[in-house]
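Text of final-v3.cif, listed as mmCIF, C-alpha atoms and all ligand atoms:
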data_model
#
loop_
_atom_site.group_PDB
_atom_site.id
_atom_site.type_symbol
_atom_site.label_atom_id
_atom_site.label_comp_id
_atom_site.auth_asym_id
_atom_site.auth_seq_id
_atom_site.Cartn_x
_atom_site.Cartn_y
_atom_site.Cartn_z
ATOM 1 C CA MET A 1 -82.225 -29.813 -4.319
ATOM 2 C CA THR A 2 -83.960 -29.556 -0.955
ATOM 3 C CA ALA A 3 -87.083 -31.709 -0.855
ATOM 4 C CA TYR A 4 -90.284 -29.701 -1.274
ATOM 5 C CA ARG A 5 -92.242 -29.113 1.927
ATOM 6 C CA GLY A 6 -95.387 -27.007 1.827
ATOM 7 C CA ARG A 7 -98.163 -26.286 4.287
ATOM 8 C CA PHE A 8 -101.683 -25.000 4.830
ATOM 9 C CA ALA A 9 -101.900 -22.983 8.050
ATOM 10 C CA PRO A 10 -105.507 -22.141 8.960
ATOM 11 C CA SER A 11 -106.449 -20.087 12.013
ATOM 12 C CA PRO A 12 -109.295 -21.950 13.732
ATOM 13 C CA THR A 13 -111.642 -18.984 14.043
ATOM 14 C CA GLY A 14 -114.529 -20.906 12.451
ATOM 15 C CA PRO A 15 -115.226 -23.744 10.003
ATOM 16 C CA LEU A 16 -113.406 -23.983 6.672
ATOM 17 C CA HIS A 17 -115.104 -21.620 4.203
ATOM 18 C CA PHE A 18 -114.727 -21.197 0.469
ATOM 19 C CA GLY A 19 -111.921 -18.596 0.798
ATOM 20 C CA SER A 20 -109.798 -20.870 2.976
ATOM 21 C CA LEU A 21 -110.548 -23.855 0.718
ATOM 22 C CA VAL A 22 -108.930 -21.949 -2.169
ATOM 23 C CA SER A 23 -105.723 -21.491 -0.121
ATOM 24 C CA ALA A 24 -105.788 -25.112 1.037
ATOM 25 C CA LEU A 25 -106.284 -26.384 -2.507
ATOM 26 C CA ALA A 26 -103.544 -24.161 -3.978
ATOM 27 C CA SER A 27 -100.995 -25.303 -1.387
ATOM 28 C CA TRP A 28 -102.061 -28.939 -1.845
ATOM 29 C CA LEU A 29 -101.773 -28.774 -5.645
ATOM 30 C CA ASP A 30 -98.385 -27.067 -5.518
ATOM 31 C CA ALA A 31 -97.052 -29.783 -3.187
ATOM 32 C CA ARG A 32 -98.489 -32.569 -5.359
ATOM 33 C CA ALA A 33 -97.207 -30.989 -8.593
ATOM 34 C CA HIS A 34 -93.723 -30.931 -7.027
ATOM 35 C CA ARG A 35 -94.164 -34.480 -5.667
ATOM 36 C CA GLY A 36 -93.499 -32.927 -2.292
ATOM 37 C CA THR A 37 -94.764 -33.143 1.269
ATOM 38 C CA TRP A 38 -97.906 -31.269 2.356
ATOM 39 C CA LEU A 39 -98.459 -30.337 5.990
ATOM 40 C CA VAL A 40 -101.264 -28.741 7.978
ATOM 41 C CA ARG A 41 -100.558 -26.402 10.863
ATOM 42 C CA ILE A 42 -103.303 -25.178 13.163
ATOM 43 C CA GLU A 43 -102.557 -21.548 13.975
ATOM 44 C CA ASP A 44 -104.414 -21.439 17.282
ATOM 45 C CA ILE A 45 -101.970 -18.993 18.813
ATOM 46 C CA ASP A 46 -104.411 -16.125 19.073
ATOM 47 C CA ALA A 47 -106.423 -17.351 22.054
ATOM 48 C CA PRO A 48 -109.034 -14.547 21.955
ATOM 49 C CA ARG A 49 -109.926 -15.399 18.316
ATOM 50 C CA THR A 50 -109.779 -19.194 18.533
ATOM 51 C CA VAL A 51 -113.173 -20.908 18.444
ATOM 52 C CA PRO A 52 -113.392 -24.219 20.370
ATOM 53 C CA GLY A 53 -113.942 -27.153 18.024
ATOM 54 C CA ALA A 54 -113.114 -25.184 14.854
ATOM 55 C CA ALA A 55 -109.703 -26.832 14.366
ATOM 56 C CA ASP A 56 -111.143 -30.355 14.503
ATOM 57 C CA ASP A 57 -113.886 -29.274 12.136
ATOM 58 C CA ILE A 58 -111.336 -27.873 9.642
ATOM 59 C CA LEU A 59 -109.240 -31.057 9.822
ATOM 60 C CA ALA A 60 -112.324 -33.237 9.308
ATOM 61 C CA THR A 61 -113.430 -31.147 6.309
ATOM 62 C CA LEU A 62 -109.979 -31.333 4.685
ATOM 63 C CA ALA A 63 -109.976 -35.114 5.126
ATOM 64 C CA HIS A 64 -113.515 -35.388 3.776
ATOM 65 C CA PHE A 65 -112.466 -33.345 0.743
ATOM 66 C CA GLY A 66 -109.555 -35.744 0.145
ATOM 67 C CA MET A 67 -106.706 -33.495 1.287
ATOM 68 C CA HIS A 68 -104.678 -35.588 3.711
ATOM 69 C CA ALA A 69 -101.571 -34.178 5.353
ATOM 70 C CA ASP A 70 -98.401 -36.238 5.022
ATOM 71 C CA GLU A 71 -97.481 -35.730 8.698
ATOM 72 C CA PRO A 72 -99.604 -35.180 11.828
ATOM 73 C CA PRO A 73 -100.803 -31.571 12.180
ATOM 74 C CA VAL A 74 -98.743 -29.148 14.243
ATOM 75 C CA TRP A 75 -100.625 -27.019 16.790
ATOM 76 C CA GLN A 76 -99.153 -23.623 17.572
ATOM 77 C CA SER A 77 -100.653 -23.703 21.076
ATOM 78 C CA HIS A 78 -98.239 -26.561 21.871
ATOM 79 C CA ARG A 79 -95.192 -24.603 20.784
ATOM 80 C CA MET A 80 -95.042 -21.656 23.195
ATOM 81 C CA ALA A 81 -91.604 -22.688 24.505
ATOM 82 C CA ARG A 82 -90.126 -22.439 20.999
ATOM 83 C CA TYR A 83 -91.498 -18.913 20.528
ATOM 84 C CA GLN A 84 -90.001 -17.924 23.880
ATOM 85 C CA GLN A 85 -86.620 -19.356 22.793
ATOM 86 C CA ALA A 86 -86.724 -17.355 19.569
ATOM 87 C CA LEU A 87 -87.563 -14.206 21.542
ATOM 88 C CA GLU A 88 -84.597 -14.868 23.864
ATOM 89 C CA GLN A 89 -82.326 -15.333 20.836
ATOM 90 C CA LEU A 90 -83.455 -11.979 19.434
ATOM 91 C CA LYS A 91 -83.021 -10.348 22.859
ATOM 92 C CA SER A 92 -79.468 -11.606 23.091
ATOM 93 C CA THR A 93 -78.594 -10.057 19.733
ATOM 94 C CA GLY A 94 -80.249 -6.739 20.615
ATOM 95 C CA SER A 95 -82.728 -7.110 17.745
ATOM 96 C CA ILE A 96 -85.816 -6.452 19.874
ATOM 97 C CA TYR A 97 -86.823 -3.955 22.517
ATOM 98 C CA PRO A 98 -89.677 -3.593 24.995
ATOM 99 C CA CYS A 99 -92.374 -1.093 24.041
ATOM 100 C CA GLY A 100 -94.676 0.718 26.457
ATOM 101 C CA CYS A 101 -96.874 2.500 23.925
ATOM 102 C CA THR A 102 -100.624 2.006 24.104
ATOM 103 C CA ARG A 103 -102.665 1.711 20.921
ATOM 104 C CA LYS A 104 -104.041 5.173 21.583
ATOM 105 C CA GLU A 105 -100.600 6.739 21.905
ATOM 106 C CA ILE A 106 -99.502 5.166 18.641
ATOM 107 C CA ALA A 107 -102.741 6.200 16.902
ATOM 108 C CA ASP A 108 -102.316 9.787 18.161
ATOM 109 C CA SER A 109 -98.737 10.022 16.961
ATOM 110 C CA LEU A 110 -99.722 8.502 13.611
ATOM 111 C CA LEU A 111 -102.520 11.057 13.271
ATOM 112 C CA ASN A 112 -99.914 13.774 13.728
ATOM 113 C CA ALA A 113 -97.668 12.033 11.226
ATOM 114 C CA HIS A 114 -100.573 11.844 8.817
ATOM 115 C CA ALA A 115 -101.254 15.545 9.245
ATOM 116 C CA ARG A 116 -97.596 16.125 8.378
ATOM 117 C CA ASN A 117 -98.075 13.765 5.435
ATOM 118 C CA THR A 118 -95.304 11.459 6.601
ATOM 119 C CA THR A 119 -95.187 7.735 7.272
ATOM 120 C CA LEU A 120 -97.914 5.709 9.011
ATOM 121 C CA ALA A 121 -95.374 3.243 10.383
ATOM 122 C CA TYR A 122 -94.767 2.783 14.139
ATOM 123 C CA PRO A 123 -92.841 5.946 14.996
ATOM 124 C CA GLY A 124 -90.197 4.165 17.115
ATOM 125 C CA THR A 125 -91.112 5.948 20.337
ATOM 126 C CA CYS A 126 -89.612 3.244 22.606
ATOM 127 C CA ARG A 127 -86.541 2.469 20.478
ATOM 128 C CA ASP A 128 -84.233 4.222 22.882
ATOM 129 C CA GLY A 129 -86.004 3.366 26.131
ATOM 130 C CA LEU A 130 -89.398 3.202 27.729
ATOM 131 C CA HIS A 131 -89.527 6.876 28.812
ATOM 132 C CA GLY A 132 -90.804 5.817 32.234
ATOM 133 C CA LYS A 133 -93.588 3.676 30.757
ATOM 134 C CA THR A 134 -94.210 0.020 31.634
ATOM 135 C CA ALA A 135 -93.120 -2.566 29.073
ATOM 136 C CA ARG A 136 -96.187 -3.981 27.303
ATOM 137 C CA ALA A 137 -94.937 -5.606 24.098
ATOM 138 C CA TRP A 138 -91.693 -6.576 22.344
ATOM 139 C CA ARG A 139 -90.852 -5.059 18.961
ATOM 140 C CA LEU A 140 -88.308 -6.048 16.341
ATOM 141 C CA ARG A 141 -86.068 -3.168 15.326
ATOM 142 C CA VAL A 142 -86.125 -2.734 11.529
ATOM 143 C CA PRO A 143 -83.134 -1.166 9.764
ATOM 144 C CA ASP A 144 -82.997 2.421 8.541
ATOM 145 C CA GLY A 145 -82.214 3.562 5.019
ATOM 146 C CA ASP A 146 -81.844 1.193 2.091
ATOM 147 C CA ALA A 147 -81.271 -1.797 4.375
ATOM 148 C CA ALA A 148 -84.989 -1.571 5.231
ATOM 149 C CA ILE A 149 -86.018 -2.454 1.676
ATOM 150 C CA VAL A 150 -86.947 -6.122 1.287
ATOM 151 C CA HIS A 151 -87.342 -7.587 -2.198
ATOM 152 C CA PHE A 152 -88.837 -10.940 -3.073
ATOM 153 C CA GLN A 153 -90.073 -12.710 -6.163
ATOM 154 C CA ASP A 154 -93.622 -13.984 -5.729
ATOM 155 C CA ARG A 155 -94.346 -17.003 -7.931
ATOM 156 C CA TRP A 156 -97.831 -15.708 -8.770
ATOM 157 C CA GLN A 157 -97.735 -11.952 -8.177
ATOM 158 C CA GLY A 158 -94.217 -11.243 -9.537
ATOM 159 C CA ALA A 159 -91.522 -8.971 -8.112
ATOM 160 C CA GLN A 160 -92.385 -7.378 -4.764
ATOM 161 C CA MET A 161 -90.738 -4.776 -2.616
ATOM 162 C CA GLN A 162 -91.514 -3.246 0.769
ATOM 163 C CA ASN A 163 -89.663 -0.649 2.791
ATOM 164 C CA LEU A 164 -89.998 -1.876 6.359
ATOM 165 C CA ALA A 165 -88.886 1.428 7.874
ATOM 166 C CA THR A 166 -91.413 3.636 6.086
ATOM 167 C CA GLU A 167 -94.277 1.191 5.466
ATOM 168 C CA VAL A 168 -94.246 -0.883 8.658
ATOM 169 C CA GLY A 169 -91.839 0.334 11.345
ATOM 170 C CA ASP A 170 -90.536 -1.758 14.240
ATOM 171 C CA PHE A 171 -93.131 -4.496 14.554
ATOM 172 C CA VAL A 172 -94.566 -6.478 17.449
ATOM 173 C CA LEU A 173 -93.448 -10.048 18.147
ATOM 174 C CA ARG A 174 -94.916 -10.400 21.627
ATOM 175 C CA ARG A 175 -98.204 -8.562 22.089
ATOM 176 C CA ALA A 176 -99.284 -6.366 24.991
ATOM 177 C CA ASP A 177 -102.075 -8.870 25.754
ATOM 178 C CA ASP A 178 -99.412 -11.562 26.368
ATOM 179 C CA GLN A 179 -100.075 -13.361 23.085
ATOM 180 C CA TRP A 180 -97.411 -14.336 20.568
ATOM 181 C CA ALA A 181 -97.688 -12.308 17.386
ATOM 182 C CA TYR A 182 -98.503 -14.164 14.178
ATOM 183 C CA GLN A 183 -95.260 -12.903 12.555
ATOM 184 C CA LEU A 184 -93.030 -14.596 15.120
ATOM 185 C CA ALA A 185 -94.969 -17.861 15.387
ATOM 186 C CA VAL A 186 -95.266 -18.350 11.623
ATOM 187 C CA VAL A 187 -91.556 -17.756 10.997
ATOM 188 C CA VAL A 188 -90.428 -20.068 13.823
ATOM 189 C CA ASP A 189 -92.838 -22.801 12.712
ATOM 190 C CA ASP A 190 -92.028 -22.582 9.010
ATOM 191 C CA ALA A 191 -88.333 -22.863 9.893
ATOM 192 C CA ASP A 192 -88.762 -25.745 12.368
ATOM 193 C CA GLU A 193 -90.958 -27.642 9.902
ATOM 194 C CA ARG A 194 -88.378 -26.989 7.146
ATOM 195 C CA ILE A 195 -91.004 -25.453 4.866
ATOM 196 C CA THR A 196 -89.506 -24.716 1.451
ATOM 197 C CA HIS A 197 -92.599 -23.299 -0.308
ATOM 198 C CA ILE A 198 -95.331 -21.091 1.127
ATOM 199 C CA VAL A 199 -98.603 -20.868 -0.799
ATOM 200 C CA ARG A 200 -101.345 -18.705 0.744
ATOM 201 C CA GLY A 201 -103.812 -15.882 0.072
ATOM 202 C CA VAL A 202 -102.626 -12.550 -1.280
ATOM 203 C CA ASP A 203 -104.051 -10.810 1.792
ATOM 204 C CA LEU A 204 -100.978 -12.146 3.629
ATOM 205 C CA MET A 205 -98.493 -10.771 1.096
ATOM 206 C CA ASP A 206 -98.137 -7.563 3.095
ATOM 207 C CA SER A 207 -96.615 -9.650 5.931
ATOM 208 C CA THR A 208 -94.044 -11.399 3.754
ATOM 209 C CA ALA A 209 -91.295 -8.756 3.890
ATOM 210 C CA ARG A 210 -91.584 -8.724 7.699
ATOM 211 C CA GLN A 211 -91.277 -12.499 7.758
ATOM 212 C CA ILE A 212 -88.257 -12.489 5.447
ATOM 213 C CA TYR A 213 -86.535 -9.891 7.619
ATOM 214 C CA LEU A 214 -87.295 -11.893 10.764
ATOM 215 C CA GLN A 215 -85.911 -15.046 9.102
ATOM 216 C CA ARG A 216 -82.675 -13.161 8.515
ATOM 217 C CA CYS A 217 -82.538 -12.024 12.153
ATOM 218 C CA LEU A 218 -83.054 -15.609 13.343
ATOM 219 C CA GLY A 219 -80.600 -17.036 10.807
ATOM 220 C CA VAL A 220 -83.136 -19.389 9.146
ATOM 221 C CA PRO A 221 -83.742 -19.938 5.403
ATOM 222 C CA THR A 222 -86.316 -17.981 3.379
ATOM 223 C CA PRO A 223 -88.848 -20.206 1.571
ATOM 224 C CA ALA A 224 -90.276 -19.497 -1.889
ATOM 225 C CA TYR A 225 -93.559 -17.541 -1.787
ATOM 226 C CA LEU A 226 -96.720 -17.761 -3.874
ATOM 227 C CA HIS A 227 -99.784 -15.656 -3.033
ATOM 228 C CA VAL A 228 -103.041 -16.640 -4.725
ATOM 229 C CA PRO A 229 -105.929 -14.216 -5.348
ATOM 230 C CA VAL A 230 -108.376 -14.190 -2.440
ATOM 231 C CA VAL A 231 -112.098 -14.644 -2.716
ATOM 232 C CA THR A 232 -114.103 -11.484 -2.116
ATOM 233 C CA ASN A 233 -117.776 -10.900 -1.324
ATOM 234 C CA ALA A 234 -120.150 -8.595 -3.208
ATOM 235 C CA LEU A 235 -118.633 -5.610 -1.365
ATOM 236 C CA GLY A 236 -115.151 -6.558 -2.540
ATOM 237 C CA GLU A 237 -114.111 -7.571 0.988
ATOM 238 C CA LYS A 238 -112.007 -10.682 1.567
ATOM 239 C CA LEU A 239 -114.316 -13.563 2.391
ATOM 240 C CA SER A 240 -113.746 -14.395 6.039
ATOM 241 C CA LYS A 241 -115.458 -16.006 8.950
ATOM 242 C CA GLN A 242 -115.838 -12.496 10.360
ATOM 243 C CA ASN A 243 -117.939 -11.177 7.474
ATOM 244 C CA GLY A 244 -120.265 -14.103 7.385
ATOM 245 C CA ALA A 245 -118.677 -16.575 4.933
ATOM 246 C CA THR A 246 -120.747 -19.718 5.199
ATOM 247 C CA ALA A 247 -119.230 -23.097 6.011
ATOM 248 C CA LEU A 248 -118.698 -25.448 3.070
ATOM 249 C CA ASP A 249 -121.345 -28.020 2.237
ATOM 250 C CA LYS A 250 -119.567 -31.198 3.302
ATOM 251 C CA GLU A 251 -121.996 -33.287 1.255
ATOM 252 C CA LYS A 252 -120.777 -31.758 -2.004
ATOM 253 C CA PRO A 253 -116.973 -31.641 -1.932
ATOM 254 C CA LEU A 254 -116.645 -31.725 -5.729
ATOM 255 C CA ASP A 255 -118.863 -28.680 -6.234
ATOM 256 C CA ALA A 256 -116.722 -26.641 -3.855
ATOM 257 C CA LEU A 257 -113.437 -28.031 -5.205
ATOM 258 C CA ASN A 258 -114.380 -27.313 -8.825
ATOM 259 C CA ALA A 259 -115.396 -23.764 -7.851
ATOM 260 C CA ALA A 260 -112.083 -23.309 -5.989
ATOM 261 C CA ALA A 261 -110.146 -24.576 -9.031
ATOM 262 C CA ARG A 262 -112.074 -22.145 -11.269
ATOM 263 C CA HIS A 263 -111.198 -19.313 -8.892
ATOM 264 C CA LEU A 264 -107.533 -20.271 -9.391
ATOM 265 C CA GLY A 265 -108.042 -20.153 -13.152
ATOM 266 C CA LEU A 266 -107.497 -23.905 -13.580
ATOM 267 C CA ASP A 267 -109.185 -25.772 -16.374
ATOM 268 C CA VAL A 268 -110.083 -29.110 -14.825
ATOM 269 C CA GLY A 269 -112.866 -30.142 -17.199
ATOM 270 C CA SER A 270 -115.098 -32.589 -15.363
ATOM 271 C CA GLY A 271 -112.280 -34.748 -14.047
ATOM 272 C CA SER A 272 -113.655 -37.764 -15.920
ATOM 273 C CA GLU A 273 -112.007 -39.100 -19.051
ATOM 274 C CA GLY A 274 -112.592 -37.410 -22.367
ATOM 275 C CA THR A 275 -115.493 -35.282 -21.238
ATOM 276 C CA SER A 276 -116.025 -31.806 -19.906
ATOM 277 C CA GLY A 277 -118.766 -29.653 -18.501
ATOM 278 C CA SER A 278 -121.219 -29.971 -15.682
ATOM 279 C CA ALA A 279 -123.419 -32.501 -17.495
ATOM 280 C CA THR A 280 -120.864 -35.161 -16.660
ATOM 281 C CA ALA A 281 -119.908 -33.783 -13.258
ATOM 282 C CA SER A 282 -121.820 -36.556 -11.548
ATOM 283 C CA LYS A 283 -119.271 -39.027 -12.951
ATOM 284 C CA GLN A 284 -116.365 -37.081 -11.530
ATOM 285 C CA THR A 285 -114.470 -38.589 -8.624
ATOM 286 C CA LEU A 286 -112.235 -36.897 -6.065
ATOM 287 C CA ASP A 287 -109.226 -38.736 -7.514
ATOM 288 C CA GLY A 288 -110.179 -37.620 -11.033
ATOM 289 C CA PHE A 289 -110.575 -34.034 -9.885
ATOM 290 C CA TYR A 290 -107.193 -33.985 -8.109
ATOM 291 C CA ALA A 291 -105.374 -35.562 -11.041
ATOM 292 C CA ALA A 292 -106.808 -32.999 -13.484
ATOM 293 C CA ALA A 293 -106.286 -30.084 -11.091
ATOM 294 C CA THR A 294 -102.686 -31.064 -10.310
ATOM 295 C CA ALA A 295 -101.905 -31.293 -14.024
ATOM 296 C CA ALA A 296 -103.562 -27.922 -14.675
ATOM 297 C CA TRP A 297 -101.660 -26.334 -11.770
ATOM 298 C CA ALA A 298 -98.328 -27.786 -12.955
ATOM 299 C CA LYS A 299 -98.997 -26.366 -16.421
ATOM 300 C CA ARG A 300 -100.001 -22.952 -15.106
ATOM 301 C CA MET A 301 -97.037 -22.716 -12.727
ATOM 302 C CA LYS A 302 -94.617 -24.334 -15.202
ATOM 303 C CA ILE A 303 -93.614 -27.114 -12.831
ATOM 304 C CA GLY A 304 -91.752 -30.203 -13.990
ATOM 305 C CA GLY A 305 -91.679 -29.277 -17.671
ATOM 306 C CA ALA A 306 -95.526 -29.347 -17.833
HETATM 307 N N1 LIG A 401 -103.142 -18.533 9.856
HETATM 308 C C1 LIG A 401 -103.138 -17.572 8.801
HETATM 309 C C2 LIG A 401 -104.546 -17.345 8.294
HETATM 310 O O1 LIG A 401 -105.384 -18.225 8.417
HETATM 311 C C3 LIG A 401 -102.321 -18.003 7.606
HETATM 312 C C4 LIG A 401 -100.885 -17.986 7.890
HETATM 313 C C5 LIG A 401 -100.000 -18.293 6.696
HETATM 314 O O2 LIG A 401 -100.377 -19.023 5.770
HETATM 315 O O3 LIG A 401 -98.872 -17.801 6.746
HETATM 316 O O4 LIG A 401 -104.818 -16.285 7.787
#

Would you mind writing the file out in structure tokens?
Ligand code: GLU
Amino acid sequence: MTAYRGRFAPSPTGPLHFGSLVSALASWLDARAHRGTWLVRIEDIDAPRTVPGAADDILATLAHFGMHADEPPVWQSHRMARYQQALEQLKSTGSIYPCGCTRKEIADSLLNAHARNTTLAYPGTCRDGLHGKTARAWRLRVPDGDAAIVHFQDRWQGAQMQNLATEVGDFVLRRADDQWAYQLAVVVDDADERITHIVRGVDLMDSTARQIYLQRCLGVPTPAYLHVPVVTNALGEKLSKQNGATALDKEKPLDALNAAARHLGLDVGSGSEGTSGSATASKQTLDGFYAAATAAWAKRMKIGGA
């Protein structure tokens, strides 16, 4: 069996918050329960959204919380040449095409589509040429008909299916603002780092079929997927740096870790021998917490006969 390799891939748009801690912890526990390798990748590819200093802050918080990566972190901003190579590979196989549509043009055509009660996917305007427009982005051509349906088995959420033609349409790999799209960078990196298991928030599940299809186009393996429930605020929105999620209190790692484990439905007691409940929480150690949480995760996910 291929050796387990998992990763946590934060975008450095702000400090680690409770929502991203849940994803970090889930990927860490899954790697530990499999006795595998756990990696951290800084997804600083989206220059307009990257906040200076946030990546170092995230790495320091993970270390302070006792989650140490088994290999040095990979930075997407150092890997532009690899994304270009992948784009060239897809060009040479005719899998991608330049697109000259502006956001407004796409929105207008989708409004018409909506009025006709048809799909909200990219309508494929530039599939057969730019129609005199200037190339702005590169899109991956998705198949028509049944070939557009991607199935996968999510280890937490169960069987999933998405029709790329009707639900997504040809999607962008190189953006009009000269940035690499997340979909391309994540697939190239997961393949180059030989990631076998992806554990992340369910908000990213909608991207998974696109990533699986892109893996097939590039001829790289498809990892196993597990999407954990995301943390929402009082309005039911995903907790994010954008909607004001506060940074974690670095002085109290165990409080945050216990709350993250509870969010994942893990019974970790207090992490100290033979006791449970908050009355004994002061005796809990990071090692005790991780041992209990890894065992609880292995049991929940049925790993290693647990
Ligand atoms: N960088 C992405 C995020 O922070 C996660 C990417 C992934 O896990 O595939 O939302």

Run the PyMOL selection byres (((chain A and resi 8) around 12) and not hetatm) mentally over the shown coordinates, then write out the matched residues as an MDAnalysis selection string, using the chain letters and numbers from the document.
chainID A and resid 5:7 9:11 16 20:31 37:43 58:59 62 67:70 73:74 186 190 195 197:201

What does the file look like for those residues with C-alpha atoms, as a compact mmCIF listing (two decimals), keeping the file's coordinate frame?
# COMPACT_ATOMS: atom_id res chain seq x y z
CA ARG A 5 -92.24 -29.11 1.93
CA GLY A 6 -95.39 -27.01 1.83
CA ARG A 7 -98.16 -26.29 4.29
CA ALA A 9 -101.90 -22.98 8.05
CA PRO A 10 -105.51 -22.14 8.96
CA SER A 11 -106.45 -20.09 12.01
CA LEU A 16 -113.41 -23.98 6.67
CA SER A 20 -109.80 -20.87 2.98
CA LEU A 21 -110.55 -23.86 0.72
CA VAL A 22 -108.93 -21.95 -2.17
CA SER A 23 -105.72 -21.49 -0.12
CA ALA A 24 -105.79 -25.11 1.04
CA LEU A 25 -106.28 -26.38 -2.51
CA ALA A 26 -103.54 -24.16 -3.98
CA SER A 27 -101.00 -25.30 -1.39
CA TRP A 28 -102.06 -28.94 -1.84
CA LEU A 29 -101.77 -28.77 -5.64
CA ASP A 30 -98.38 -27.07 -5.52
CA ALA A 31 -97.05 -29.78 -3.19
CA THR A 37 -94.76 -33.14 1.27
CA TRP A 38 -97.91 -31.27 2.36
CA LEU A 39 -98.46 -30.34 5.99
CA VAL A 40 -101.26 -28.74 7.98
CA ARG A 41 -100.56 -26.40 10.86
CA ILE A 42 -103.30 -25.18 13.16
CA GLU A 43 -102.56 -21.55 13.98
CA ILE A 58 -111.34 -27.87 9.64
CA LEU A 59 -109.24 -31.06 9.82
CA LEU A 62 -109.98 -31.33 4.68
CA MET A 67 -106.71 -33.49 1.29
CA HIS A 68 -104.68 -35.59 3.71
CA ALA A 69 -101.57 -34.18 5.35
CA ASP A 70 -98.40 -36.24 5.02
CA PRO A 73 -100.80 -31.57 12.18
CA VAL A 74 -98.74 -29.15 14.24
CA VAL A 186 -95.27 -18.35 11.62
CA ASP A 190 -92.03 -22.58 9.01
CA ILE A 195 -91.00 -25.45 4.87
CA HIS A 197 -92.60 -23.30 -0.31
CA ILE A 198 -95.33 -21.09 1.13
CA VAL A 199 -98.60 -20.87 -0.80
CA ARG A 200 -101.34 -18.70 0.74
CA GLY A 201 -103.81 -15.88 0.07

(Q) My list of candidates is A:Arg139, A:Arg262, A:Arg300, A:Arg49. Which is closest to ligand LIG 401 (chain A) when distances are computed with only C-alpha atoms and all ligand atoms? (A)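 Looking only at the distances to ligand LIG 401 (chain A), the closest residue turns out to be A:Arg49.
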
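Closest approach to ligand LIG 401 (chain A) from the set A:Val230, A:Cys101, A:Ala148, A:Cys126 is made by A:Val230, with distances taken over all atoms listed in the file.
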
Taking (-86.1, -32.1, -2.1) in the file's own coordinates, collect the residues within 10 Å, counting only C-alpha atoms, and hand them back as a PyMOL selection string. chain A and resi 1-5+34-37+196

Atom CA of A:Leu266 sits from atom CA of A:Gln153 at a separation of 22.0 Å

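You will find atom CA of A:Ala147 at 13.4 Å from atom CA of A:Glu167.
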
- Residues picked by the PyMOL selection byres (((chain A and resi 155-163) around 12) and not hetatm) here, as a ChimeraX atom specification? /A:26,30,119,121,142-154,164-170,197-203,205-213,223-229,264-265,297,300-303

TODO: Please identify all polymer residues within 6 Å of A:Cys99, counting only C-alpha atoms, omitting same-chain residues fewer than 6 positions from it, and present them as a PyMOL selection string.
DONE: chain A and resi 126+135-138

(message) Which residues, named as in the file, does the PyMOL selection byres (((chain A and resi 90) around 12) and not hetatm) pick out? Answer as a ChimeraX atom specification.
(response) /A:83-89,91-98,138-141,173-174,184,214-219

Atom CA of A:Leu239 to atom CA of A:Gly14 measures 12.5 Å

What are the centre and edge lengths in Å, to one decimal, of the axis-aligned box around all listed atoms of ligand LIG 401 (chain A) with 6 Å added on each side, as JSON?
{"center_x": -102.1, "center_y": -17.7, "center_z": 7.8, "size_x": 18.5, "size_y": 14.7, "size_z": 16.1}

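Minimum distance to ligand LIG 401 (chain A) across A:Gln76, A:Thr285, A:Thr134, A:Thr61 (counting all atoms listed in the file) occurs at A:Gln76.
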
* To do: Between A:Asp267, A:Glu105, A:Glu251, A:Asp189, single out the one closest to ligand LIG 401 (chain A), counting only C-alpha atoms and all ligand atoms.
  =>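 Distance minimum relative to ligand LIG 401 (chain A) lands on A:Asp189.
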
- Task: Point out the residue among A:Ser77, A:Gln179, A:Ser240, A:Thr102 with the least atom-to-atom distance to ligand LIG 401 (chain A), counting only C-alpha atoms and all ligand atoms.
- Result: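 Going through A:Ser77, A:Gln179, A:Ser240, A:Thr102 one by one, the smallest distance to ligand LIG 401 (chain A) is for A:Ser240.
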
Using all atoms listed in the file, the residue out of A:Ser109, A:Asp177, A:Val268, A:Ala60 with shortest distance to A:Ala298 is A:Val268
